[in-house]
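The data block below is coords12.cif; it holds mmCIF, C-alpha atoms.
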```cif
data_model
#
loop_
_atom_site.label_atom_id
_atom_site.label_comp_id
_atom_site.auth_asym_id
_atom_site.auth_seq_id
_atom_site.Cartn_x
_atom_site.Cartn_y
_atom_site.Cartn_z
CA MET A 10 114.44 -140.74 69.83
CA THR A 11 110.66 -140.58 70.10
CA GLN A 12 108.94 -142.74 72.66
CA ALA A 13 106.06 -144.95 71.43
CA SER A 14 102.68 -143.75 72.69
CA GLU A 15 100.87 -145.88 75.22
CA PRO A 16 98.14 -148.08 73.67
CA PRO A 17 94.61 -147.07 74.70
CA PRO A 18 93.24 -149.01 77.66
CA ARG A 19 91.21 -152.05 76.74
CA PRO A 20 87.53 -151.75 77.56
CA PRO A 21 86.22 -154.07 80.27
CA SER A 22 84.82 -157.37 79.08
CA VAL A 23 81.11 -157.65 78.45
CA ASP A 24 80.98 -160.40 81.06
CA ALA A 25 82.57 -158.17 83.71
CA VAL A 26 80.13 -155.34 82.98
CA ALA A 27 77.20 -157.77 83.05
CA ARG A 28 78.30 -159.10 86.44
CA SER A 29 78.37 -155.54 87.77
CA LEU A 30 74.63 -155.34 87.03
CA ALA A 31 73.72 -158.30 89.23
CA GLY A 32 71.89 -156.02 91.65
CA SER A 33 69.39 -155.00 88.98
CA GLY A 34 67.33 -158.13 89.61
CA LEU A 35 66.97 -158.79 85.87
CA PRO A 36 67.99 -162.12 84.27
CA HIS A 37 71.61 -162.61 83.14
CA PRO A 38 70.80 -162.58 79.39
CA LEU A 39 69.25 -159.10 79.74
CA ARG A 40 72.28 -157.91 81.74
CA VAL A 41 74.56 -159.18 79.00
CA ASP A 42 72.53 -157.31 76.37
CA ALA A 43 72.77 -154.10 78.43
CA ALA A 44 76.49 -154.55 78.98
CA ARG A 45 77.11 -155.22 75.29
CA ALA A 46 75.15 -152.09 74.32
CA ALA A 47 77.10 -149.92 76.76
CA VAL A 48 80.48 -151.28 75.63
CA ALA A 49 79.48 -150.75 71.99
CA ARG A 50 78.75 -147.12 72.84
CA GLY A 51 82.26 -146.83 74.25
CA ALA A 52 80.79 -146.01 77.63
CA PRO A 53 80.67 -149.15 79.81
CA GLU A 54 79.94 -146.91 82.80
CA LEU A 55 76.48 -146.35 81.27
CA ALA A 56 75.52 -150.00 81.57
CA GLY A 57 73.17 -149.06 84.40
CA GLU A 58 71.33 -146.75 82.05
CA GLU A 59 71.01 -149.55 79.50
CA ILE A 60 69.63 -151.99 82.05
CA GLU A 61 67.01 -149.43 83.12
CA LEU A 62 66.00 -149.04 79.48
CA ALA A 63 65.56 -152.82 79.36
CA ARG A 64 63.45 -152.69 82.53
CA ALA A 65 61.24 -149.96 81.04
CA ARG A 66 60.42 -152.27 78.13
CA LEU A 67 58.95 -154.90 80.46
CA LEU A 68 55.22 -155.10 81.13
CA GLN A 69 54.68 -153.57 84.56
CA PRO A 70 52.13 -151.67 86.68
CA VAL A 71 51.87 -147.92 86.14
CA VAL A 72 49.80 -145.15 87.68
CA ASN A 73 47.33 -143.72 85.17
CA ALA A 74 47.03 -140.02 86.02
CA THR A 75 45.87 -139.01 82.53
CA GLY A 76 42.17 -138.92 83.36
CA VAL A 77 41.45 -141.34 80.50
CA LEU A 78 39.50 -144.15 82.16
CA LEU A 79 39.88 -146.63 79.30
CA HIS A 80 43.38 -145.72 78.13
CA THR A 81 44.24 -148.11 75.30
CA ASN A 82 48.00 -147.63 75.78
CA LEU A 83 47.61 -148.53 79.46
CA GLY A 84 45.50 -151.66 79.01
CA ARG A 85 42.04 -150.02 79.03
CA SER A 86 39.94 -151.10 81.98
CA PRO A 87 41.99 -151.90 85.10
CA LEU A 88 41.11 -155.27 86.57
CA GLU A 89 42.16 -157.12 89.68
CA ALA A 90 42.39 -160.83 88.84
CA SER A 91 44.28 -163.79 90.23
CA GLN A 92 44.22 -167.53 89.84
CA PRO A 93 45.79 -170.21 92.04
CA PRO A 94 48.34 -172.57 90.45
CA SER A 95 45.71 -175.21 89.84
CA TYR A 96 44.02 -177.08 87.02
CA THR A 97 40.49 -175.99 86.19
CA ASN A 98 37.45 -177.63 84.62
CA LEU A 99 37.98 -175.57 81.47
CA GLU A 100 36.63 -178.27 79.17
CA LEU A 101 35.34 -180.84 81.64
CA ASP A 102 31.71 -181.37 82.65
CA LEU A 103 31.95 -182.00 86.40
CA THR A 104 28.46 -183.47 86.52
CA THR A 105 29.11 -186.21 83.94
CA GLY A 106 32.89 -186.51 83.99
CA ARG A 107 32.92 -186.15 80.22
CA ARG A 108 34.47 -183.53 78.00
CA GLY A 109 32.70 -180.19 78.26
CA SER A 110 32.99 -176.87 76.44
CA ARG A 111 34.77 -173.71 77.46
CA ARG A 112 31.66 -171.93 76.18
CA ASP A 113 29.54 -173.23 79.03
CA HIS A 114 31.06 -171.35 81.96
CA VAL A 115 31.13 -167.61 81.41
CA GLY A 116 28.96 -167.64 78.27
CA SER A 117 25.81 -168.57 80.13
CA LEU A 118 26.52 -165.99 82.84
CA LEU A 119 27.04 -163.19 80.35
CA ALA A 120 23.89 -164.20 78.50
CA ARG A 121 21.90 -164.01 81.72
CA ALA A 122 23.37 -160.63 82.61
CA ALA A 123 22.65 -159.24 79.14
CA GLY A 124 19.17 -160.73 78.76
CA ALA A 125 20.29 -162.89 75.82
CA GLU A 126 19.58 -166.51 74.92
CA ALA A 127 23.30 -167.30 74.66
CA ALA A 128 26.72 -165.67 74.51
CA LEU A 129 30.13 -166.49 73.10
CA VAL A 130 33.55 -165.16 74.14
CA VAL A 131 36.52 -164.61 71.82
CA ASN A 132 39.81 -162.81 72.32
CA ASN A 133 38.81 -159.23 71.36
CA GLY A 134 36.06 -157.09 69.90
CA ALA A 135 37.37 -157.21 66.33
CA ALA A 136 37.42 -161.00 66.47
CA ALA A 137 33.81 -161.05 67.71
CA LEU A 138 32.60 -159.21 64.63
CA LEU A 139 34.87 -161.19 62.31
CA VAL A 140 33.55 -164.53 63.58
CA VAL A 141 29.94 -163.36 63.22
CA LEU A 142 30.44 -162.18 59.65
CA ALA A 143 32.38 -165.27 58.62
CA ALA A 144 29.90 -167.69 60.18
CA LEU A 145 26.69 -166.01 59.04
CA ALA A 146 27.47 -164.02 55.89
CA ALA A 147 30.50 -165.51 54.08
CA GLY A 148 29.96 -165.30 50.33
CA ARG A 149 26.91 -163.06 50.78
CA PRO A 150 26.37 -159.31 51.22
CA THR A 151 26.12 -157.53 54.55
CA ALA A 152 24.30 -154.19 54.46
CA VAL A 153 25.98 -151.33 56.35
CA SER A 154 25.22 -147.61 56.41
CA ARG A 155 27.88 -145.47 54.76
CA GLY A 156 27.90 -143.35 57.91
CA GLU A 157 28.99 -146.36 60.00
CA LEU A 158 32.02 -147.57 58.04
CA ILE A 159 34.24 -146.99 61.02
CA GLU A 160 37.95 -147.04 61.66
CA ILE A 161 39.15 -147.34 65.24
CA GLY A 162 42.59 -147.32 66.84
CA GLY A 163 45.11 -149.96 65.89
CA GLY A 164 44.04 -150.06 62.26
CA PHE A 165 40.63 -151.73 62.64
CA ARG A 166 38.74 -150.71 59.49
CA LEU A 167 35.29 -152.19 58.98
CA PRO A 168 35.59 -152.70 55.19
CA GLU A 169 38.82 -154.67 55.71
CA ILE A 170 37.28 -156.84 58.43
CA MET A 171 34.36 -157.59 56.14
CA ALA A 172 36.66 -158.51 53.27
CA LEU A 173 38.62 -160.82 55.58
CA SER A 174 35.40 -162.52 56.70
CA GLY A 175 34.36 -163.32 53.12
CA SER A 176 31.20 -161.24 53.33
CA ARG A 177 30.64 -158.60 50.65
CA LEU A 178 30.11 -155.03 51.83
CA LEU A 179 26.79 -153.64 50.66
CA GLU A 180 26.78 -149.90 51.40
CA VAL A 181 23.41 -148.27 52.00
CA GLY A 182 22.35 -144.68 52.51
CA THR A 183 24.77 -141.77 52.62
CA THR A 184 27.41 -140.60 55.06
CA ASN A 185 25.00 -138.37 56.97
CA ARG A 186 21.55 -139.86 56.28
CA THR A 187 20.49 -143.50 56.13
CA ARG A 188 16.78 -144.26 56.22
CA VAL A 189 14.87 -147.49 56.79
CA ASP A 190 14.02 -147.67 53.08
CA ASP A 191 17.73 -147.88 52.29
CA TYR A 192 17.95 -151.04 54.36
CA ARG A 193 14.62 -152.33 53.03
CA ASN A 194 15.87 -152.12 49.46
CA ALA A 195 18.99 -154.08 50.42
CA ALA A 196 17.22 -156.70 52.56
CA PRO A 197 16.29 -159.17 49.77
CA GLU A 198 19.93 -159.88 48.95
CA ALA A 199 21.57 -159.21 52.33
CA ALA A 200 22.57 -162.02 54.68
CA LEU A 201 22.79 -159.56 57.58
CA LEU A 202 21.87 -155.98 58.41
CA LEU A 203 24.82 -154.59 60.36
CA LYS A 204 24.66 -151.52 62.55
CA VAL A 205 27.87 -150.15 64.03
CA HIS A 206 27.98 -147.85 67.05
CA THR A 207 30.10 -144.86 66.05
CA SER A 208 31.68 -144.72 69.47
CA ASN A 209 34.74 -142.65 68.59
CA TYR A 210 33.21 -139.89 66.44
CA ARG A 211 29.99 -137.99 65.83
CA ILE A 212 28.18 -136.82 62.71
CA GLU A 213 26.09 -133.76 63.47
CA GLY A 214 23.83 -131.42 61.54
CA PHE A 215 21.62 -132.66 58.70
CA THR A 216 21.56 -136.32 59.73
CA ALA A 217 19.27 -139.33 59.95
CA THR A 218 19.84 -142.83 61.27
CA THR A 219 17.67 -145.93 61.49
CA GLY A 220 17.13 -147.67 64.81
CA VAL A 221 17.25 -151.39 65.51
CA ALA A 222 13.49 -151.61 66.08
CA GLU A 223 12.89 -150.36 62.54
CA LEU A 224 15.34 -152.87 61.05
CA ALA A 225 14.22 -155.98 62.93
CA PRO A 226 11.05 -156.62 60.82
CA LEU A 227 12.91 -156.39 57.49
CA GLY A 228 13.95 -160.04 57.43
CA PRO A 229 17.73 -160.56 57.68
CA PRO A 230 19.16 -160.84 61.21
CA VAL A 231 20.19 -157.49 62.64
CA VAL A 232 23.70 -157.52 64.08
CA VAL A 233 24.82 -154.54 66.17
CA ASP A 234 28.48 -153.88 66.94
CA LEU A 235 28.24 -151.81 70.12
CA GLY A 236 31.96 -151.92 70.85
CA SER A 237 31.92 -150.08 74.17
CA GLY A 238 30.05 -152.77 76.07
CA LEU A 239 27.65 -151.02 78.42
CA LEU A 240 25.63 -153.99 79.67
CA ASP A 241 22.42 -152.29 80.77
CA ALA A 242 21.39 -148.65 80.32
CA ALA A 243 19.69 -148.71 83.73
CA CYS A 244 23.00 -149.55 85.47
CA PRO A 245 21.24 -151.55 88.21
CA TRP A 246 24.62 -152.21 89.84
CA LEU A 247 24.91 -148.50 90.75
CA ALA A 248 22.90 -147.26 93.72
CA ASP A 249 22.22 -143.90 92.08
CA GLY A 250 21.50 -145.31 88.62
CA PRO A 251 23.34 -144.34 85.45
CA PRO A 252 25.60 -141.27 85.64
CA ALA A 253 24.71 -138.34 83.40
CA TRP A 254 27.70 -138.88 81.11
CA LEU A 255 26.24 -142.24 79.99
CA ALA A 256 22.98 -140.71 78.76
CA SER A 257 23.61 -141.26 75.04
CA GLU A 258 25.45 -144.58 75.24
CA PRO A 259 23.56 -147.60 73.79
CA ALA A 260 23.51 -150.73 75.93
CA VAL A 261 23.52 -154.44 75.21
CA ARG A 262 20.27 -155.39 76.98
CA GLN A 263 18.20 -152.61 75.44
CA THR A 264 19.63 -153.27 71.95
CA LEU A 265 18.61 -156.91 72.18
CA ASP A 266 15.19 -155.92 73.51
CA ALA A 267 14.76 -153.65 70.47
CA GLY A 268 15.10 -156.63 68.16
CA ALA A 269 18.79 -157.17 67.45
CA ALA A 270 19.57 -160.81 66.71
CA LEU A 271 23.18 -160.45 67.89
CA VAL A 272 25.21 -157.81 69.67
CA THR A 273 29.02 -157.73 69.74
CA PHE A 274 31.04 -155.75 72.29
CA SER A 275 34.37 -155.57 74.11
CA GLY A 276 35.10 -156.99 77.54
CA ASP A 277 37.70 -154.39 78.55
CA LYS A 278 35.75 -151.18 78.02
CA LEU A 279 32.58 -150.19 79.87
CA LEU A 280 32.07 -153.79 80.98
CA GLY A 281 35.18 -153.37 83.13
CA GLY A 282 36.69 -156.79 82.43
CA PRO A 283 39.71 -158.28 80.65
CA GLN A 284 40.43 -157.93 76.94
CA ALA A 285 37.83 -160.06 75.20
CA GLY A 286 35.17 -159.92 72.52
CA ILE A 287 31.63 -160.99 73.36
CA VAL A 288 28.78 -162.03 71.06
CA ALA A 289 25.33 -162.19 72.69
CA GLY A 290 21.89 -162.91 71.28
CA ARG A 291 19.97 -165.71 69.56
CA ARG A 292 21.10 -169.22 70.49
CA ASP A 293 20.94 -170.61 66.96
CA LEU A 294 23.19 -167.85 65.65
CA ILE A 295 25.59 -168.20 68.58
CA ASP A 296 25.82 -171.94 67.89
CA ALA A 297 26.59 -171.23 64.23
CA CYS A 298 29.40 -168.88 65.27
CA ALA A 299 30.80 -171.39 67.76
CA SER A 300 30.90 -174.13 65.13
CA HIS A 301 32.87 -172.02 62.64
CA PRO A 302 36.63 -172.77 62.43
CA LEU A 303 37.48 -169.13 63.18
CA TYR A 304 36.04 -169.51 66.67
CA ARG A 305 38.74 -172.00 67.54
CA VAL A 306 41.36 -169.56 66.27
CA ALA A 307 39.92 -166.66 68.27
CA ARG A 308 38.75 -168.38 71.46
CA PRO A 309 40.37 -167.13 74.71
CA GLY A 310 42.34 -169.09 77.27
CA GLY A 311 41.40 -170.10 80.78
CA LEU A 312 42.88 -167.01 82.47
CA VAL A 313 40.72 -164.62 80.46
CA LEU A 314 37.61 -166.75 80.95
CA ALA A 315 38.20 -166.98 84.70
CA ALA A 316 38.61 -163.20 85.00
CA LEU A 317 35.53 -162.59 82.84
CA GLN A 318 33.53 -165.07 84.93
CA ASP A 319 34.30 -163.02 88.05
CA VAL A 320 33.12 -159.90 86.23
CA ALA A 321 29.90 -161.57 85.07
CA LEU A 322 29.18 -162.82 88.59
CA ALA A 323 29.68 -159.29 89.92
CA TYR A 324 27.04 -157.98 87.51
CA LEU A 325 24.58 -160.74 88.35
CA ASP A 326 25.13 -160.11 92.06
CA ARG A 327 24.72 -156.33 91.64
CA ARG A 328 28.34 -155.89 92.79
CA ALA A 329 29.70 -154.40 89.56
CA HIS A 330 30.15 -151.07 91.35
CA GLU A 331 33.11 -152.77 93.05
CA LEU A 332 34.93 -153.30 89.76
CA PRO A 333 37.91 -150.90 89.48
CA PHE A 334 36.51 -149.17 86.39
CA TRP A 335 33.15 -148.37 87.99
CA ARG A 336 34.80 -147.36 91.28
CA MET A 337 36.91 -144.79 89.42
CA ALA A 338 34.20 -143.69 87.00
CA THR A 339 31.69 -142.94 89.78
CA ALA A 340 34.06 -141.64 92.46
CA PRO A 341 32.39 -138.56 94.02
CA LEU A 342 33.95 -135.17 93.37
CA SER A 343 34.16 -134.42 97.08
CA GLY A 344 36.46 -137.37 97.66
CA LEU A 345 38.66 -136.52 94.66
CA ARG A 346 38.98 -132.93 95.87
CA GLU A 347 39.93 -134.06 99.36
CA ARG A 348 42.66 -136.34 97.97
CA ALA A 349 43.99 -133.63 95.65
CA GLU A 350 44.19 -131.07 98.44
CA ALA A 351 45.94 -133.54 100.75
CA ILE A 352 48.64 -134.29 98.16
CA ALA A 353 49.02 -130.63 97.16
CA GLY A 354 49.52 -129.72 100.81
CA SER A 355 52.58 -132.00 100.97
CA VAL A 356 54.25 -130.94 97.70
CA ALA A 357 55.71 -127.46 97.23
CA GLY A 358 54.40 -125.86 94.04
CA ALA A 359 51.59 -128.35 93.46
CA GLU A 360 48.02 -127.08 93.33
CA ALA A 361 44.70 -128.90 93.62
CA VAL A 362 42.62 -128.04 90.55
CA THR A 363 39.37 -128.99 88.85
CA CYS A 364 39.73 -130.90 85.58
CA SER A 365 37.83 -133.20 83.25
CA SER A 366 38.22 -136.93 82.70
CA VAL A 367 37.09 -138.83 79.60
CA ALA A 368 36.02 -142.42 79.02
CA GLY A 369 38.57 -143.12 76.28
CA GLY A 370 38.96 -146.46 74.53
CA GLY A 371 36.82 -145.22 71.65
CA ALA A 372 33.82 -144.68 73.94
CA LEU A 373 31.70 -141.59 74.56
CA PRO A 374 33.42 -139.10 72.23
CA GLY A 375 33.18 -135.50 73.38
CA VAL A 376 31.79 -136.40 76.82
CA ASP A 377 33.64 -134.91 79.80
CA ILE A 378 33.45 -136.27 83.35
CA PRO A 379 34.12 -133.67 86.09
CA SER A 380 37.15 -134.44 88.23
CA TRP A 381 39.87 -133.07 90.50
CA GLY A 382 43.60 -133.36 90.11
CA LEU A 383 47.00 -131.78 90.70
CA ALA A 384 48.83 -129.19 88.62
CA LEU A 385 52.58 -128.54 88.71
CA PRO A 386 54.07 -125.76 86.52
CA GLY A 387 56.10 -127.02 83.57
CA ASP A 388 56.33 -130.32 81.73
CA HIS A 389 57.43 -133.09 84.10
CA ARG A 390 56.09 -136.11 82.23
CA ASP A 391 59.51 -137.68 81.60
CA PRO A 392 60.72 -137.76 85.23
CA LEU A 393 57.29 -138.94 86.40
CA ARG A 394 57.48 -141.87 83.97
CA ALA A 395 60.91 -142.68 85.40
CA ALA A 396 59.60 -142.89 88.98
CA PRO A 397 59.88 -146.24 90.81
CA ARG A 398 56.18 -146.66 90.09
CA PRO A 399 55.87 -145.02 86.66
CA ILE A 400 53.28 -142.24 86.65
CA ILE A 401 51.65 -141.28 83.37
CA ALA A 402 50.41 -137.67 83.32
CA ARG A 403 49.42 -135.08 80.72
CA VAL A 404 50.32 -131.44 80.04
CA GLN A 405 47.59 -128.82 79.93
CA HIS A 406 48.08 -125.06 79.59
CA GLY A 407 51.79 -125.44 80.32
CA ASP A 408 51.26 -127.38 83.56
CA THR A 409 51.73 -131.05 84.29
CA LEU A 410 48.27 -132.29 85.24
CA LEU A 411 47.55 -135.45 87.21
CA ASP A 412 43.85 -136.36 87.19
CA LEU A 413 43.01 -138.34 90.32
CA ARG A 414 39.86 -139.94 88.91
CA THR A 415 42.04 -142.56 87.22
CA VAL A 416 44.43 -142.93 90.17
CA ALA A 417 43.57 -145.56 92.77
CA PRO A 418 43.56 -144.03 96.30
CA GLU A 419 46.22 -146.51 97.40
CA ASP A 420 48.56 -144.99 94.81
CA ASP A 421 48.30 -141.47 96.29
CA PRO A 422 51.54 -141.90 98.35
CA ALA A 423 53.44 -142.88 95.18
CA VAL A 424 52.04 -139.83 93.38
CA ALA A 425 52.97 -137.54 96.27
CA ALA A 426 56.51 -138.93 96.47
CA ALA A 427 57.07 -138.62 92.72
CA LEU A 428 55.73 -135.07 92.63
CA ALA A 429 57.87 -134.10 95.61
CA ALA A 430 60.97 -135.47 93.89
CA VAL A 431 60.17 -133.55 90.72
CA ALA A 432 59.33 -130.33 92.56
CA GLY A 433 62.48 -130.62 94.67
#
```

Represent the structure of the file as C-alpha cells.
Amino acid sequence: MTQASEPPPRPPSVDAVARSLAGSGLPHPLRVDAARAAVARGAPELAGEEIELARARLLQPVVNATGVLLHTNLGRSPLEASQPPSYTNLELDLTTGRRGSRRDHVGSLLARAAGAEAALVVNNGAAALLVVLAALAAGRPTAVSRGELIEIGGGFRLPEIMALSGSRLLEVGTTNRTRVDDYRNAAPEAALLLKVHTSNYRIEGFTATTGVAELAPLGPPVVVDLGSGLLDAACPWLADGPPAWLASEPAVRQTLDAGAALVTFSGDKLLGGPQAGIVAGRRDLIDACASHPLYRVARPGGLVLAALQDVALAYLDRRAHELPFWRMATAPLSGLRERAEAIAGSVAGAEAVTCSSVAGGGALPGVDIPSWGLALPGDHRDPLRAAPRPIIARVQHGDTLLDLRTVAPEDDPAVAAALAAVAG
C-alpha cells in the first residue's frame, strides 16, 4: 500500500510577509506590494529585495560623481531651497490688500538682473518658447535658420513646438550657411525672426551665421532661444570673472543689448536655479505673452517662484558664486586634488587622478573643465548606486571614475565609505 505524499507547504500570507517588512520605514501599501511580488515569485524570503527595489524608485538625494555639472537625469543644477509651512503673498499685493499677480515677484528681479524691461516665468524652457510663439506668431510665419532647427533631449524638436504653437515654420538659409539677406527676404511676411542657440551640437567648416545685431533692424521682433541661461557674459558674481570654458557661451544681457526683443532660457542650467523657463525682454511683448491662455497652463507654482526669487536675489547681490552650481563649476583644482588624495589614502586600490568635467544639460558641447577624481579598477557602478547614499559614477578606460567636481565636499565621507565597501 503506497502512502500519499505530503502536500507542499502553503506559502506565508501576503499580510504576514508585509508585516515582516515593518522595519523598512516605507508605508504599508508599498510593503504589501513588495510582499505580493515576492510571494508571486515563489520566494517570500526575497521580500526584502522587493522592498528595496520599491525604495530605489522613490525620488531621493544622490551623489553625482559623473563630472556632468548639469546632469539631466539627476535634476540638472543642484539647488538648496526650503520654505516654511506658511501662506505666502503669491497673488496678493501687500501694499493695497488687493489681488496681485504672481508675475510681480521674481519677474521684476530677473528683469533687473538681465537688463530687461520685464520678465516672465513658466515651468520649463520648452514652455517659454511655446508661449512666445503662440502669443506673438500664431497663424503667421516665424523665420528660422535651417541650421538651428534643433532637437534636444526628451524629444524637444523645434518644428514640432512651432506646429503646436500655431506658428508656421519659415525656413531660411541652409544647414551650414545662413546670411542676413536670407532673413531680410523673409522679414516682410514673418511675425518673428527666431534664433536658436545650438547648445548641444556644433556645425564647423564652411559655415556662416547671422548675429542678433544684424537682424534687429529688419523689422520683425527678434526672439533668441538661448536655452542654457548664462545671465551675463562678464560673470560679475565671480571674483575672477568668467572662467575660460564659458568663452563661447552667449549670455542673456548681451543678447538683449545687441537688439533682441525677447530672450528665452532655462532656470535650471547655467542660471543655477530650479526647473523653470524664463522669457525676458520688451515689456509690451512680455505682457502679450502673459495674457495668452497658455501662460496660465504653463505658469509655475509658489515653491518654484520662491526658489527662483532666492536665486535672482543672489545675482543682484553679487552672491551667485554661493549657488551650488557655481561653487562646483569654479572649485579650484588644488582643492579638488587635495580631496581626491585624502579619499584615495583611506581606500585600498583607489587612486587620485586628473579628469575632465563637462557642463552637460545641453550646454557647452565639446568643452572640458579640468578636474580631479578617484579611479578604482573595474566596473563598480552597480554597488555604488546601491550604497545608503546612492553614488552615480562613470566607467573610463576600464576603471570606475568618480569626478569630485560634481561632489559636494560634505559628501566626501559617503564616497569614501562606499568606495571602501566596494574595494573590500

Running the PyMOL selection byres ((chain A and resi 292-298) around 10) on this model by hand, what would come out? Give it as a PDB file with C-alpha atoms, keeping the file's coordinate frame.
```pdb
ATOM      1  CA  ALA A 120      23.890-164.200  78.500  1.00  0.00           C
ATOM      2  CA  ALA A 125      20.290-162.890  75.820  1.00  0.00           C
ATOM      3  CA  GLU A 126      19.580-166.510  74.920  1.00  0.00           C
ATOM      4  CA  ALA A 127      23.300-167.300  74.660  1.00  0.00           C
ATOM      5  CA  ALA A 128      26.720-165.670  74.510  1.00  0.00           C
ATOM      6  CA  LEU A 129      30.130-166.490  73.100  1.00  0.00           C
ATOM      7  CA  ALA A 137      33.810-161.050  67.710  1.00  0.00           C
ATOM      8  CA  LEU A 139      34.870-161.190  62.310  1.00  0.00           C
ATOM      9  CA  VAL A 140      33.550-164.530  63.580  1.00  0.00           C
ATOM     10  CA  VAL A 141      29.940-163.360  63.220  1.00  0.00           C
ATOM     11  CA  LEU A 142      30.440-162.180  59.650  1.00  0.00           C
ATOM     12  CA  ALA A 143      32.380-165.270  58.620  1.00  0.00           C
ATOM     13  CA  ALA A 144      29.900-167.690  60.180  1.00  0.00           C
ATOM     14  CA  LEU A 145      26.690-166.010  59.040  1.00  0.00           C
ATOM     15  CA  PRO A 230      19.160-160.840  61.210  1.00  0.00           C
ATOM     16  CA  ALA A 270      19.570-160.810  66.710  1.00  0.00           C
ATOM     17  CA  LEU A 271      23.180-160.450  67.890  1.00  0.00           C
ATOM     18  CA  VAL A 288      28.780-162.030  71.060  1.00  0.00           C
ATOM     19  CA  ALA A 289      25.330-162.190  72.690  1.00  0.00           C
ATOM     20  CA  GLY A 290      21.890-162.910  71.280  1.00  0.00           C
ATOM     21  CA  ARG A 291      19.970-165.710  69.560  1.00  0.00           C
ATOM     22  CA  ALA A 299      30.800-171.390  67.760  1.00  0.00           C
ATOM     23  CA  SER A 300      30.900-174.130  65.130  1.00  0.00           C
ATOM     24  CA  HIS A 301      32.870-172.020  62.640  1.00  0.00           C
ATOM     25  CA  PRO A 302      36.630-172.770  62.430  1.00  0.00           C
ATOM     26  CA  LEU A 303      37.480-169.130  63.180  1.00  0.00           C
ATOM     27  CA  TYR A 304      36.040-169.510  66.670  1.00  0.00           C
TER      28      TYR A 304
END
```

Inset, instruction - Give me the residues within 9 Å of A:Asp277 as a list in words, counting all atoms listed in the file and dropping any in the same chain fewer than 3 places off. - result: Leu79, Gly84, Arg85, Ser86, Pro87, Leu88, Asn133, Ser237, Gly238, Leu280, Gly281, Gly282, Pro283, Gln284, Ala285, Gly286 and Gly370 of chain A

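When the PyMOL selection byres ((chain A and resi 197-211) around 6) is run on the displayed coordinates, the residues it returns are Ala146, Arg149, Pro150, Thr151, Ala152, Val153, Glu157, Ala195, Ala196, Ile212, Pro229, Pro230, Val231, Val232, Val233, Asp234, Leu235, Gly371, Ala372, Leu373 and Pro374 of chain A.
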
Legend entry - Residue neighbourhood stretch 47-50 of chain A, 8 Å, all atoms listed in the file, exclusion window fewer than 5 positions, as a PyMOL selection string: chain A and resi 20-21+23+55-56+59

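The two atoms in question, atom CA of A:Pro309 and atom CA of A:Ala135, are spaced 13.3 Å apart.
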
Legend entry - Residue neighbourhood A:Thr218, 8 Å, all atoms listed in the file, exclusion window fewer than 3 positions, as a list in words: Arg186, Thr187 and Arg188 of chain A

Inset, instruction - Given the file shown, enumerate the residues that the PyMOL selection byres ((chain A and resi 33-40) around 9) captures and present them as a count of residues only. - result: 19

Inset, instruction - Could you tell me how far atom CA of A:Gly175 lies from atom CA of A:Thr219, in Å and to one decimal? - result: 25.5 Å

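Each of A:His114, A:Arg107, A:Arg193, A:Arg327 was checked against A:Cys244 using all atoms listed in the file; the smallest atom-to-atom distance is that of A:Arg327.
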
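Pairwise distance (atom CA of A:Ala242, atom CA of A:Val272) equals 14.6 Å.
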
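Taking all atoms listed in the file into account, A:Pro379 lies nearest to A:Val77 out of the set A:Ala217, A:Ile401, A:Ala395, A:Val77.
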
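The nearest approach to A:Gly236 among the residues A:Gly375, A:Pro418, A:Pro397, A:Gly276, with only C-alpha atoms taken into account, belongs to A:Gly276.
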
Inset, instruction - Dump as number ranges by chain all residues having an atom at most 12 Å from (52.5, -128.0, 95.5), computed in the file's coordinates with all atoms listed in the file. - result: A: 349-362, 382-386, 409-410, 425-433

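Using all atoms listed in the file, the nearest neighbour of A:Ala123 within the list A:Leu325, A:Leu255, A:Val221, A:Ile170 is A:Leu325.
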
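With only C-alpha atoms as the atoms that count, the minimum distance from A:Val261 to the choices A:Asp191, A:Val130, A:Gly124, A:Ser91 is reached by A:Gly124.
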
Inset, instruction - Considering all atoms listed in the file, state which residue in the set A:Ala248, A:Leu312, A:Ala136, A:Val71 is at the smallest distance from A:Ser95. - result: A:Leu312

Inset, instruction - Extract, using all atoms listed in the file, all DNA, RNA and protein residues at most 10 Å from A:Asp420, discarding same-chain residues fewer than 4 positions from it, and format them as a ChimeraX atom specification. - result: /A:71-73,398,400,413,416,424-425

Can you put N, CA and C atoms back into stretch 409-417 of chain A and show it as a PDB file, in the coordinates of the input?
```
ATOM      1  N   THR A 409      51.908-129.604  84.220  1.00  0.00           N
ATOM      2  CA  THR A 409      51.730-131.050  84.290  1.00  0.00           C
ATOM      3  C   THR A 409      50.496-131.329  85.139  1.00  0.00           C
ATOM      4  N   LEU A 410      49.540-132.040  84.561  1.00  0.00           N
ATOM      5  CA  LEU A 410      48.270-132.290  85.240  1.00  0.00           C
ATOM      6  C   LEU A 410      48.133-133.768  85.544  1.00  0.00           C
ATOM      7  N   LEU A 411      47.798-134.079  86.779  1.00  0.00           N
ATOM      8  CA  LEU A 411      47.550-135.450  87.210  1.00  0.00           C
ATOM      9  C   LEU A 411      46.099-135.535  87.674  1.00  0.00           C
ATOM     10  N   ASP A 412      45.279-136.217  86.902  1.00  0.00           N
ATOM     11  CA  ASP A 412      43.850-136.360  87.190  1.00  0.00           C
ATOM     12  C   ASP A 412      43.667-137.542  88.134  1.00  0.00           C
ATOM     13  N   LEU A 413      43.113-137.289  89.304  1.00  0.00           N
ATOM     14  CA  LEU A 413      43.010-138.340  90.320  1.00  0.00           C
ATOM     15  C   LEU A 413      41.838-139.285  90.104  1.00  0.00           C
ATOM     16  N   ARG A 414      40.957-138.998  89.141  1.00  0.00           N
ATOM     17  CA  ARG A 414      39.860-139.940  88.910  1.00  0.00           C
ATOM     18  C   ARG A 414      40.407-141.289  88.456  1.00  0.00           C
ATOM     19  N   THR A 415      41.493-141.301  87.723  1.00  0.00           N
ATOM     20  CA  THR A 415      42.040-142.560  87.220  1.00  0.00           C
ATOM     21  C   THR A 415      43.203-143.075  88.081  1.00  0.00           C
ATOM     22  N   VAL A 416      43.391-142.488  89.242  1.00  0.00           N
ATOM     23  CA  VAL A 416      44.430-142.930  90.170  1.00  0.00           C
ATOM     24  C   VAL A 416      43.750-143.627  91.349  1.00  0.00           C
ATOM     25  N   ALA A 417      44.122-144.861  91.619  1.00  0.00           N
ATOM     26  CA  ALA A 417      43.570-145.560  92.770  1.00  0.00           C
ATOM     27  C   ALA A 417      44.034-144.869  94.060  1.00  0.00           C
TER      28      ALA A 417
END
```
